[in-house]
Structures are given as C-alpha cells and as structure tokens.
Amino acid sequence: MARAIAARPASDQRNRAMLIAALFFAVVAAALVFVALQQRSDTRTSGSAAGTVDIVVAKSDVGANTVLTADMLELRAVQPDEALSGVYANVEQIVGLPSRFPLQAGEQVTGLKVGLSAVTDDKDLALVLPPGMRAVAVKVSEVTGVGGLLLPGNYVDVIAVFPNAAGSASSDNPADIKSVTLLQNVQVLSVAQEAQQPVPQASDGASAGGTYGQRPEDVERQPQAQSATLAVAPGDAQLLALVQETGGVIWLSLRAAGDQQIAPPSEANLLQFISPPALAP
C-alpha cells in the first residue's frame, strides 16, 4: 500500500510535464502560423503596391476653364489597367493649365481635359471643337447655304463645283463644269456669327467622339450669311482652302438628323444627264 501511494506523485509530475510540453508546442505552432500568415499578407501588399501606377486626379470638383493649381490635384495609385489613356503622372505637368471641362473629385486628368492656355471667353469656338479637328470657314450665299435655313449644329455634305479652264463658272460646253462631293457628314459650328456654345461636361479618352457644342436657345437663322464655319480634319481644311482659292464654288447639302451614312465618292457633269441627239433618218 505504501509503495502505491509513493508512486502517485511521480505519475502526477509526468502528466503535468506532458501538459506543459503540449502547451509549449501549441504556443510555438500558433506563433509559426501567425508569422507565416503575416509574411503572406506582406507579400501580397508589397506585390499589389509594386504593380500600381501613380496618376493625377482632381482632388475636388473643378469648373470648366479653371486654371489648375497644385491644391486642386493629387496623385493616386491605381492598377495599370485602370489608368486612362493620356493620363498625367506628375502634378507639376499641368499646374497653371486650364481645364477644358468640369472635373469631378477623383476624376483622372488626361490631355484631353486641359488646354494650353486659359480661355477668357466662355463662348470661345475653340471649346466647341472636338480634339484633332479644325474650324474652317467657307463662303456661302442664301442659295449655296441651304436657302438661308442652315443652323449651327447641323450636319452637311460639302459639294464643290469646279469652273472651266477660263475660270468662269459658266460654259457652253457642259463637260467643262464638274461637281464633286468633297466631304460628308460635316458638323456646322457657326453660320455667320451665330455659333454653337461649349457644353459643360466631363470627358475621358472616349469622349473625342462626344458632343462638345450645343445650339444656343436664342439662335436665329441667317439668310444673308456669307460664311459658314465647319469642323473638319486638318487635311480637309487645306482642301477647302485650295478649292476656294482656285475658283471653286462650295455648296452645302443638309443631312437629316441622325443620318451618318457615308456614300462612295462621286463626281458629276452635265453630259451624264444630256441625251444624245436623235440621228436623222
């Protein structure tokens, strides 16, 4: 009996030692798991930061034609596929330039949204032009300008009537005079001094094809107008200048609202419409 009683304390001590060892190893295992998870989290965070790019965004709402200052802008890290085309990566690049359109807080600032210098006139026709286009005036009359019914914002086809070799628009020989459709689906920016006004709107890279101008509510038709200003590509501006300087007469053909169909280029002269004389029997 005494031997059994003496053995109990030794057994209790072994159990206690095993319990302490188990607790120790559990703590060590938990610490190792924590360290592993922390390292994995740090790896993900550093990998995400390394894969981002810094872009310039508006720090707060900015109105159109506002000269940008450093406190209006800030850098933001985004994933590369979230950065818009033409976005700036340095605030100093655009400080002092004007905004072409209103900017919302957090909106990315791209080259399409800022100008080279401030525009002092909020009705400036330059604010109506889509990026990459040019404004060029053509000579019109009440007849060649759609009967004096043309309005800013209309779309037209541009037809050129070329004179004969003598420089006259009339000839006894119908073959001497030809007409050619030079341009199609061209936007009319102004008729005489009645012009479109800028549309206050935000824009991104996809808005180059958007609407930049709107017709004023108080616009009036100008039947006595001697010019119409069109929005054309740079090369087409040269073409229109050349036609007018060499004696060509410009006619504007009004398009139906929403009609954007482009027809194959065509040329016409009166011989196409004159029947040959009947042969004598």
# chains A, B, ... in the order shown; residues from 1 in each chain; ligands from 1

$ select_by_dssp --residues "segment 48-262 of chain A" --states "helix (DSSP H, G or I)" --output "ChimeraX atom specification"
/A:48-50,70-72,80-82,91-93,111-113,125-127,146-148,174-176,205-209,234-245

$ residues_around --residues "segment 88-94 of chain A" --least-positions-apart "5" --cutoff "10 Å" --atoms "only C-alpha atoms" --output "ChimeraX atom specification"
/A:53-57,67-77,83,99,108-111,114-116

$ closest_residue --among "A:Gly145, A:Pro265, A:Gly235, A:Pro163" --to "Ser253 of chain A" --atoms "only C-alpha atoms"
A:Gly145

$ closest_residue --among "A:Thr144, A:Gln214, A:Thr66, A:Thr52" --to "Val128 of chain A" --atoms "only C-alpha atoms"
A:Gln214

$ closest_residue --among "A:Val146, A:Ala137, A:Ile20, A:Ala126" --to "Gln238 of chain A" --atoms "only C-alpha atoms"
A:Ala137

$ closest_residue --among "A:Asp81, A:Asp259, A:Glu194, A:Glu245" --to "Gln222 of chain A" --atoms "only C-alpha atoms"
A:Glu194

$ residues_around --residues "Arg100 of chain A" --least-positions-apart "2" --cutoff "8 Å" --atoms "only C-alpha atoms" --output "list in words"
Ala64, Asn65, Thr66, Pro98, Pro102, Leu112, Lys113, Val114, Gly115 and Leu127 of chain A

$ atom_distance --atom1 "atom CA of Val219 of chain A" --atom2 "atom CA of Phe101 of chain A"
23.2 Å

$ residues_around --residues "Gly248 of chain A" --least-positions-apart "5" --cutoff "8 Å" --atoms "only C-alpha atoms" --output "list in words"
Ala160, Val161, Phe162, Pro163 and Val243 of chain A

$ write_last_selection --atoms "N, CA and C atoms" --output "mmCIF file, in the first residue's frame"
data_model
loop_
_atom_site.group_PDB
_atom_site.id
_atom_site.type_symbol
_atom_site.label_atom_id
_atom_site.label_comp_id
_atom_site.auth_asym_id
_atom_site.auth_seq_id
_atom_site.Cartn_x
_atom_site.Cartn_y
_atom_site.Cartn_z
ATOM 1 N N ALA A 160 -18.303 70.627 -104.111
ATOM 2 C CA ALA A 160 -17.515 71.660 -104.798
ATOM 3 C C ALA A 160 -17.855 71.625 -106.285
ATOM 4 N N VAL A 161 -18.170 72.780 -106.849
ATOM 5 C CA VAL A 161 -18.401 72.922 -108.288
ATOM 6 C C VAL A 161 -17.185 73.632 -108.865
ATOM 7 N N PHE A 162 -16.484 72.933 -109.777
ATOM 8 C CA PHE A 162 -15.251 73.470 -110.335
ATOM 9 C C PHE A 162 -15.533 74.178 -111.655
ATOM 10 N N PRO A 163 -14.945 75.354 -111.850
ATOM 11 C CA PRO A 163 -15.172 76.109 -113.087
ATOM 12 C C PRO A 163 -14.399 75.497 -114.253
ATOM 13 N N VAL A 243 -9.728 74.709 -102.787
ATOM 14 C CA VAL A 243 -10.873 74.794 -103.699
ATOM 15 C C VAL A 243 -11.335 76.237 -103.843
#

$ closest_residue --among "A:Leu151, A:Ala31, A:Ala257, A:Leu189" --to "Gly213 of chain A" --atoms "only C-alpha atoms"
A:Leu189

$ closest_residue --among "A:Val140, A:Ala195, A:Val186, A:Leu240" --to "Asp218 of chain A" --atoms "only C-alpha atoms"
A:Ala195

$ atom_distance --atom1 "atom CA of Tyr212 of chain A" --atom2 "atom CA of Gln197 of chain A"
8.3 Å

$ residues_around --residues "Gly148 of chain A" --least-positions-apart "6" --cutoff "10 Å" --atoms "only C-alpha atoms" --output "count of residues only"
10
